[in-house]
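Trainee: Below you'll find upload.cif; it's mmCIF, C-alpha atoms.
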data_start
#
loop_
_atom_site.label_atom_id
_atom_site.label_comp_id
_atom_site.auth_asym_id
_atom_site.auth_seq_id
_atom_site.Cartn_x
_atom_site.Cartn_y
_atom_site.Cartn_z
CA MET A 1 95.99 79.50 101.46
CA THR A 2 94.59 78.27 98.13
CA ARG A 3 92.99 81.65 97.44
CA LEU A 4 96.30 83.36 98.23
CA LEU A 5 98.19 81.08 95.83
CA TYR A 6 95.65 81.71 93.09
CA GLY A 7 95.93 85.44 93.70
CA LEU A 8 99.73 85.38 93.53
CA ALA A 9 99.59 83.26 90.38
CA GLY A 10 97.20 85.74 88.75
CA LEU A 11 99.43 88.66 89.74
CA GLY A 12 102.49 86.89 88.38
CA GLY A 13 100.70 86.21 85.10
CA LEU A 14 99.69 89.86 84.80
CA LEU A 15 103.26 91.05 85.42
CA ALA A 16 104.60 88.59 82.86
CA LEU A 17 102.06 89.83 80.31
CA LEU A 18 102.92 93.47 80.98
CA GLU A 19 106.59 92.64 80.58
CA ALA A 20 106.16 90.66 77.36
CA VAL A 21 103.74 92.91 75.45
CA PRO A 22 106.08 95.94 75.07
CA ARG A 23 109.20 93.78 74.77
CA LEU A 24 107.68 91.93 71.82
CA GLY A 25 106.74 95.19 70.15
CA LEU A 26 102.99 94.62 70.39
CA VAL A 27 102.63 98.00 72.11
CA ASP A 28 105.01 100.93 71.87
CA GLU A 29 107.12 101.19 75.05
CA ARG A 30 106.50 104.93 75.03
CA PHE A 31 102.88 104.25 75.93
CA LEU A 32 103.23 101.03 77.96
CA PRO A 33 106.63 100.49 79.59
CA PRO A 34 107.62 96.96 80.64
CA ALA A 35 106.59 95.86 84.11
CA SER A 36 110.23 95.71 85.23
CA LEU A 37 110.72 99.38 84.33
CA ILE A 38 107.49 100.37 86.09
CA LEU A 39 108.48 98.53 89.27
CA SER A 40 112.02 99.93 89.25
CA THR A 41 110.61 103.42 88.77
CA LEU A 42 108.24 102.83 91.67
CA ALA A 43 111.13 101.71 93.86
CA GLY A 44 112.99 104.88 92.98
CA GLN A 45 109.95 107.01 93.76
CA LEU A 46 109.50 105.32 97.13
CA ALA A 47 112.99 106.48 98.06
CA THR A 48 111.99 110.15 97.67
CA PRO A 49 110.39 112.10 100.54
CA GLN A 50 108.18 113.97 98.09
CA LEU A 51 106.19 110.83 97.32
CA TRP A 52 105.62 110.02 100.97
CA ILE A 53 104.47 113.58 101.63
CA ALA A 54 102.01 113.32 98.73
CA LEU A 55 100.79 109.94 99.92
CA GLY A 56 100.35 111.30 103.43
CA GLU A 57 98.25 114.18 102.10
CA THR A 58 96.06 111.76 100.15
CA MET A 59 95.55 109.47 103.13
CA GLY A 60 94.91 112.44 105.41
CA GLY A 61 92.17 113.75 103.14
CA TRP A 62 90.76 110.24 102.77
CA ALA A 63 90.67 109.56 106.52
CA LEU A 64 89.26 112.95 107.50
CA GLY A 65 86.61 112.93 104.79
CA LEU A 66 85.59 109.35 105.56
CA ALA A 67 85.33 110.09 109.28
CA MET A 68 83.19 113.17 108.69
CA ALA A 69 80.89 111.33 106.29
CA PHE A 70 80.59 108.29 108.54
CA CYS A 71 79.65 110.23 111.67
CA ALA A 72 77.17 112.44 109.82
CA ALA A 73 75.57 109.50 108.00
CA VAL A 74 75.18 107.34 111.12
CA VAL A 75 73.54 110.11 113.14
CA THR A 76 71.33 111.17 110.24
CA GLY A 77 70.33 107.60 109.39
CA VAL A 78 69.43 106.66 112.96
CA VAL A 79 67.37 109.83 113.46
CA ILE A 80 65.53 109.37 110.15
CA GLY A 81 64.95 105.70 110.90
CA ILE A 82 63.52 106.01 114.41
CA VAL A 83 61.46 109.21 114.10
CA PRO A 84 57.98 108.26 112.82
CA GLY A 85 57.20 109.68 109.39
CA LEU A 86 60.64 111.17 108.85
CA ARG A 87 61.75 108.37 106.50
CA ALA A 88 58.78 108.99 104.19
CA LEU A 89 59.31 112.76 104.41
CA THR A 90 62.98 112.61 103.41
CA ASN A 91 62.86 109.71 100.96
CA SER A 92 62.33 111.82 97.83
CA THR A 93 65.14 114.19 98.79
CA ILE A 94 67.55 111.33 99.42
CA GLU A 95 66.67 109.61 96.16
CA PHE A 96 67.19 112.91 94.31
CA LEU A 97 70.59 113.74 95.81
CA ARG A 98 72.08 110.25 96.04
CA PRO A 99 72.53 109.56 92.29
CA ILE A 100 74.34 112.85 91.62
CA PRO A 101 77.94 111.90 90.71
CA SER A 102 80.51 113.42 93.01
CA VAL A 103 82.66 114.45 90.04
CA ALA A 104 79.79 116.70 88.96
CA LEU A 105 80.65 118.80 92.00
CA VAL A 106 84.22 119.40 90.80
CA PRO A 107 83.44 122.88 89.36
CA LEU A 108 81.67 123.87 92.57
CA ALA A 109 84.49 122.53 94.74
CA THR A 110 87.05 124.37 92.64
CA LEU A 111 85.06 127.59 92.89
CA LEU A 112 84.64 127.34 96.67
CA PHE A 113 87.99 125.96 97.80
CA GLY A 114 90.38 125.94 94.83
CA PRO A 115 93.16 123.33 94.67
CA SER A 116 93.20 122.62 98.39
CA LEU A 117 92.21 120.03 100.97
CA GLY A 118 88.75 121.57 101.15
CA SER A 119 87.97 120.48 97.59
CA THR A 120 89.06 116.93 98.35
CA LEU A 121 86.97 116.82 101.50
CA MET A 122 83.90 118.13 99.72
CA LEU A 123 83.99 115.36 97.12
CA VAL A 124 84.98 112.61 99.56
CA VAL A 125 82.33 113.49 102.13
CA TYR A 126 79.57 113.78 99.55
CA ALA A 127 80.37 110.44 97.92
CA SER A 128 80.92 108.53 101.16
CA PHE A 129 77.93 109.95 103.01
CA TRP A 130 75.36 108.22 100.80
CA GLN A 131 77.14 104.87 100.96
CA VAL A 132 76.83 104.81 104.74
CA LEU A 133 73.45 106.53 105.04
CA ILE A 134 71.60 104.03 102.84
CA GLN A 135 73.04 101.10 104.78
CA VAL A 136 72.12 102.70 108.12
CA LEU A 137 68.55 103.24 106.93
CA TYR A 138 68.30 99.58 105.90
CA GLY A 139 69.78 98.53 109.23
CA VAL A 140 67.33 100.59 111.29
CA ALA A 141 64.45 99.30 109.18
CA ALA A 142 65.55 95.73 109.97
CA VAL A 143 64.85 96.18 113.70
CA ASP A 144 62.06 93.84 114.79
CA ALA A 145 58.92 95.93 115.31
CA VAL A 146 57.67 93.70 118.14
CA ALA A 147 60.96 93.96 120.00
CA TYR A 148 60.99 97.74 119.54
CA ASP A 149 57.42 98.12 120.83
CA THR A 150 58.21 95.82 123.74
CA ALA A 151 61.24 97.90 124.71
CA ARG A 152 59.16 101.06 124.55
CA SER A 153 56.34 99.51 126.62
CA TYR A 154 58.85 98.60 129.32
CA GLY A 155 59.78 102.24 129.59
CA LEU A 156 63.22 102.19 127.95
CA SER A 157 64.32 105.65 126.94
CA ALA A 158 64.96 106.54 123.31
CA TRP A 159 68.71 106.41 123.91
CA SER A 160 68.45 102.98 125.56
CA ARG A 161 66.40 101.64 122.65
CA VAL A 162 68.97 102.94 120.18
CA ARG A 163 71.89 101.58 122.20
CA HIS A 164 70.58 98.12 123.07
CA LEU A 165 68.23 97.33 120.18
CA VAL A 166 68.67 99.55 117.11
CA TRP A 167 72.46 99.76 117.08
CA PRO A 168 73.22 96.00 117.40
CA THR A 169 70.74 95.27 114.62
CA ALA A 170 72.04 97.99 112.33
CA LEU A 171 75.76 97.43 113.02
CA PRO A 172 76.34 94.80 110.26
CA TYR A 173 74.74 97.20 107.77
CA VAL A 174 76.83 100.09 109.13
CA MET A 175 80.06 98.15 108.67
CA THR A 176 79.07 97.25 105.12
CA GLY A 177 78.47 100.93 104.45
CA LEU A 178 81.86 101.79 105.95
CA ARG A 179 83.60 99.23 103.76
CA LEU A 180 81.94 100.59 100.62
CA ALA A 181 82.53 104.19 101.64
CA ALA A 182 86.23 103.60 102.37
CA ALA A 183 86.88 102.47 98.79
CA VAL A 184 84.77 105.27 97.30
CA ALA A 185 86.48 107.85 99.52
CA PHE A 186 89.93 106.80 98.35
CA ILE A 187 88.87 106.91 94.71
CA LEU A 188 87.41 110.39 95.13
CA ALA A 189 90.45 111.64 97.05
CA VAL A 190 92.77 110.67 94.19
CA THR A 191 90.27 111.97 91.61
CA ALA A 192 90.04 115.36 93.31
CA GLU A 193 93.82 115.66 93.36
CA LEU A 194 94.07 114.54 89.75
CA VAL A 195 91.38 116.85 88.36
CA ILE A 196 91.48 119.84 90.67
CA GLY A 197 95.17 119.74 91.55
CA SER A 198 94.76 119.37 95.30
CA PRO A 199 98.01 118.25 96.96
CA GLY A 200 98.46 114.48 97.03
CA LEU A 201 99.12 111.37 94.99
CA GLY A 202 96.70 112.36 92.22
CA ALA A 203 98.50 115.67 91.76
CA GLU A 204 101.81 113.80 91.42
CA ILE A 205 100.28 111.62 88.71
CA GLN A 206 99.10 114.74 86.88
CA VAL A 207 102.54 116.36 87.11
CA ALA A 208 104.22 113.19 85.80
CA GLN A 209 101.74 112.99 82.92
CA SER A 210 102.25 116.65 82.00
CA SER A 211 106.04 116.22 81.98
CA GLY A 212 105.88 113.10 79.81
CA ALA A 213 107.30 110.78 82.48
CA VAL A 214 105.25 107.76 81.39
CA PRO A 215 106.99 105.15 83.63
CA THR A 216 106.41 107.42 86.63
CA VAL A 217 102.72 107.73 85.75
CA TYR A 218 102.34 103.96 85.68
CA ALA A 219 104.40 103.57 88.86
CA LEU A 220 102.16 106.01 90.77
CA ILE A 221 99.04 104.30 89.40
CA VAL A 222 100.37 100.97 90.67
CA LEU A 223 101.04 102.57 94.06
CA ALA A 224 97.48 103.92 94.17
CA GLY A 225 96.17 100.44 93.42
CA VAL A 226 98.29 98.87 96.16
CA VAL A 227 97.14 101.49 98.67
CA GLY A 228 93.53 100.88 97.62
CA ILE A 229 93.93 97.16 98.27
CA GLY A 230 95.44 97.94 101.67
CA VAL A 231 92.54 100.24 102.54
CA ASN A 232 90.00 97.57 101.65
CA ALA A 233 91.90 94.88 103.57
CA ALA A 234 92.17 97.09 106.65
CA VAL A 235 88.46 97.91 106.67
CA ARG A 236 87.54 94.23 106.17
CA LEU A 237 89.75 93.32 109.12
CA LEU A 238 88.05 95.98 111.22
CA GLU A 239 84.67 94.64 110.11
CA ARG A 240 85.57 91.12 111.21
CA ARG A 241 86.75 92.35 114.61
CA VAL A 242 83.71 94.53 115.24
CA LEU A 243 81.28 91.82 114.08
CA ALA A 244 83.09 88.87 115.65
CA TRP A 245 79.84 88.04 117.45
CA HIS A 246 77.82 87.91 114.22
CA PRO A 247 77.02 84.40 112.86
CA ALA A 248 77.91 85.35 109.29
CA VAL A 249 81.37 86.56 110.30
CA ARG A 250 81.99 83.52 112.51
CA SER A 251 81.13 81.18 109.66
CA GLU A 252 83.35 83.15 107.27
CA VAL A 253 86.31 82.93 109.66
CA ALA A 254 85.70 79.22 110.21
CA ALA A 255 85.67 78.60 106.46
#
As a first step, turn the structure in this file into structure tokens.
Mentor:
Amino acid sequence: MTRLLYGLAGLGGLLALLEAVPRLGLVDERFLPPASLILSTLAGQLATPQLWIALGETMGGWALGLAMAFCAAVVTGVVIGIVPGLRALTNSTIEFLRPIPSVALVPLATLLFGPSLGSTLMLVVYASFWQVLIQVLYGVAAVDAVAYDTARSYGLSAWSRVRHLVWPTALPYVMTGLRLAAAVAFILAVTAELVIGSPGLGAEIQVAQSSGAVPTVYALIVLAGVVGIGVNAAVRLLERRVLAWHPAVRSEVAA
């Protein structure tokens, strides 16, 4: 409750500052409208079906791209982690590809798919894949070697070892990767729409900016921020439910 009150107080202070700065003439209202105008513009936008369609397209691209990246990264990470020698063989390739910024792929995405959902998916999947893959590799590496050898000596199949030993150990790492990837995926979904022109919330921001509708630009940016907070909160809730058995999560809930 205390953290919530502090958060609300901080938000209230920010809104008051954004209201006062243009009203006092410290910043031209043409470039920074008052908070009241931004919020009223946002309320008006929320009453239009066009905004909800754009938001639905953004969330659809986000969810589909995140799901594709998550499934591919989990399978790839587990296979690389449990096959002897494969981690060392692929390490240089992973370390070469992982630091490449997803926005560097914008020209390629535009060339291949144009301003469509395909471009959004390409950027989202690429960015999210590495977030999950690295965590899965760490999780598989954290499996106790003695326990793994014991399971193998007792004749457990590879699938049984993955299911009963590798997966429970790696799951906290996997959920961390999912939480990180969810935020990155949303950022890249909006970025793709903003830069490439793929349908969605980012494209609406670009249209508003091009037409000089400054309050609408700020209103849509605020909406993107609120949706981003909701995405993070939803994934954290999922993480707590999935890892309810984990000591770290139990202690966090108790606190």
Trainee: Skip Val227 (chain A) itself and residues of its chain fewer than 2 positions away, then list as an NGL selection string all residues within 12 Å of it, counting only C-alpha atoms.
Mentor: :A and (55-56 or 58-59 or 62 or 182-183 or 186-187 or 190 or 201 or 220-225 or 229-234)
Trainee: One decimal, in Å: what's the spacing between CA of Asn91 (chain A) and CA of Ala63 (chain A)?
Mentor: 28.4 Å
Trainee: Which one is closest to Leu17 (chain A): A:Leu243, A:Ala213, A:Leu32, A:Leu5? Count only C-alpha atoms.
Mentor: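 Looking only at the distances to Leu17 (chain A), the closest residue turns out to be A:Leu32.
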Trainee: The PyMOL selection byres ((chain A and resi 74) around 8) - which residues does that actually catch in the file I just gave you? List them as a list in words.
Mentor: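 With the PyMOL selection byres ((chain A and resi 74) around 8) on this model, the match is Phe70, Cys71, Ala72, Ala73, Val75, Thr76, Gly77, Val78, Val132, Leu133, Val136 and Val174 of chain A.
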Trainee: Identify which of the residues A:Ile38, A:Gly60, A:Pro22, A:Arg30 lies closest to Gly118 (chain A), counting only C-alpha atoms when measuring atom-to-atom distances.
Mentor: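 Counting only C-alpha atoms, the residue closest to Gly118 (chain A) is A:Gly60.
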Trainee: Between A:Ala109, A:Ile100, A:Ala141, A:Val217, which one has atoms that come closest to Pro84 (chain A), using all atoms listed in the file?
Mentor: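 Looking at the shortest contact to Pro84 (chain A), the residue is A:Ala141.
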Trainee: Determine the residue set returned by the PyMOL selection byres ((chain A and resi 105) around 12) for the present structure, and present it as a list in words.
Mentor: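 Those residues are Leu97, Ile100, Pro101, Ser102, Val103, Ala104, Val106, Pro107, Leu108, Ala109, Thr110, Leu111, Leu112, Phe113, Ser119, Thr120, Leu121, Met122, Leu123, Val124, Val125, Tyr126, Ala127, Leu188, Thr191, Ala192, Val195 and Ile196 of chain A.
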Trainee: With distances taken over only C-alpha atoms, which of A:Leu156, A:Val242, A:Ala170, A:Ile94 is nearest to Val143 (chain A)?
Mentor: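 Closest residue, counting only C-alpha atoms: A:Ala170.
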Trainee: Distance CA of Trp130 (chain A)-CA of Leu117 (chain A), one decimal place?
Mentor: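 Distance reported for this atom pair: 20.6 Å.
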Trainee: Rounded to one decimal in Å, what is the spacing between CA of Gly114 (chain A) and CA of Ile53 (chain A)?
Mentor: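 Here the two named atoms are 19.9 Å from each other.
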Trainee: Using all atoms listed in the file, pick whichever of A:Ser160, A:Gln131, A:Ala203, A:Ala151 has the shortest atom-to-atom distance to Ala69 (chain A).
Mentor: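 Between A:Ser160, A:Gln131, A:Ala203, A:Ala151, the residue approaching Ala69 (chain A) most closely is A:Gln131.
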Trainee: Determine, counting all atoms listed in the file, which protein, DNA and RNA residues have an atom within 10 Å of an atom of region 87-90 of chain A; residues of the same chain fewer than 5 positions away are not included. Present the result as an NGL selection string.
Mentor: :A and (77 or 79-82 or 95 or 137 or 141)
Trainee: Output the selection as a CSV table (one decimal), in the frame of the given file - C-alpha atoms for each residue.
Mentor:
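Once everything was written out, this is part38.csv:
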chain,number,residue,atom,x,y,z
A,77,GLY,CA,70.3,107.6,109.4
A,79,VAL,CA,67.4,109.8,113.5
A,80,ILE,CA,65.5,109.4,110.2
A,81,GLY,CA,65.0,105.7,110.9
A,82,ILE,CA,63.5,106.0,114.4
A,95,GLU,CA,66.7,109.6,96.2
A,137,LEU,CA,68.6,103.2,106.9
A,141,ALA,CA,64.4,99.3,109.2
Trainee: Find the smallest box with edges along x, y and z containing every listed atom of region 35-51 of chain A, then add 3 Å on each side and report centre and edge lengths in Å to one decimal, as JSON.
Mentor:
{"center_x": 109.6, "center_y": 104.8, "center_z": 92.3, "size_x": 12.8, "size_y": 24.3, "size_z": 22.4}
Trainee: Using all atoms listed in the file, which residue out of A:Gly85, A:Gly13, A:Ser40, A:Ala185 lies closest to Tyr218 (chain A)?
Mentor: A:Ser40
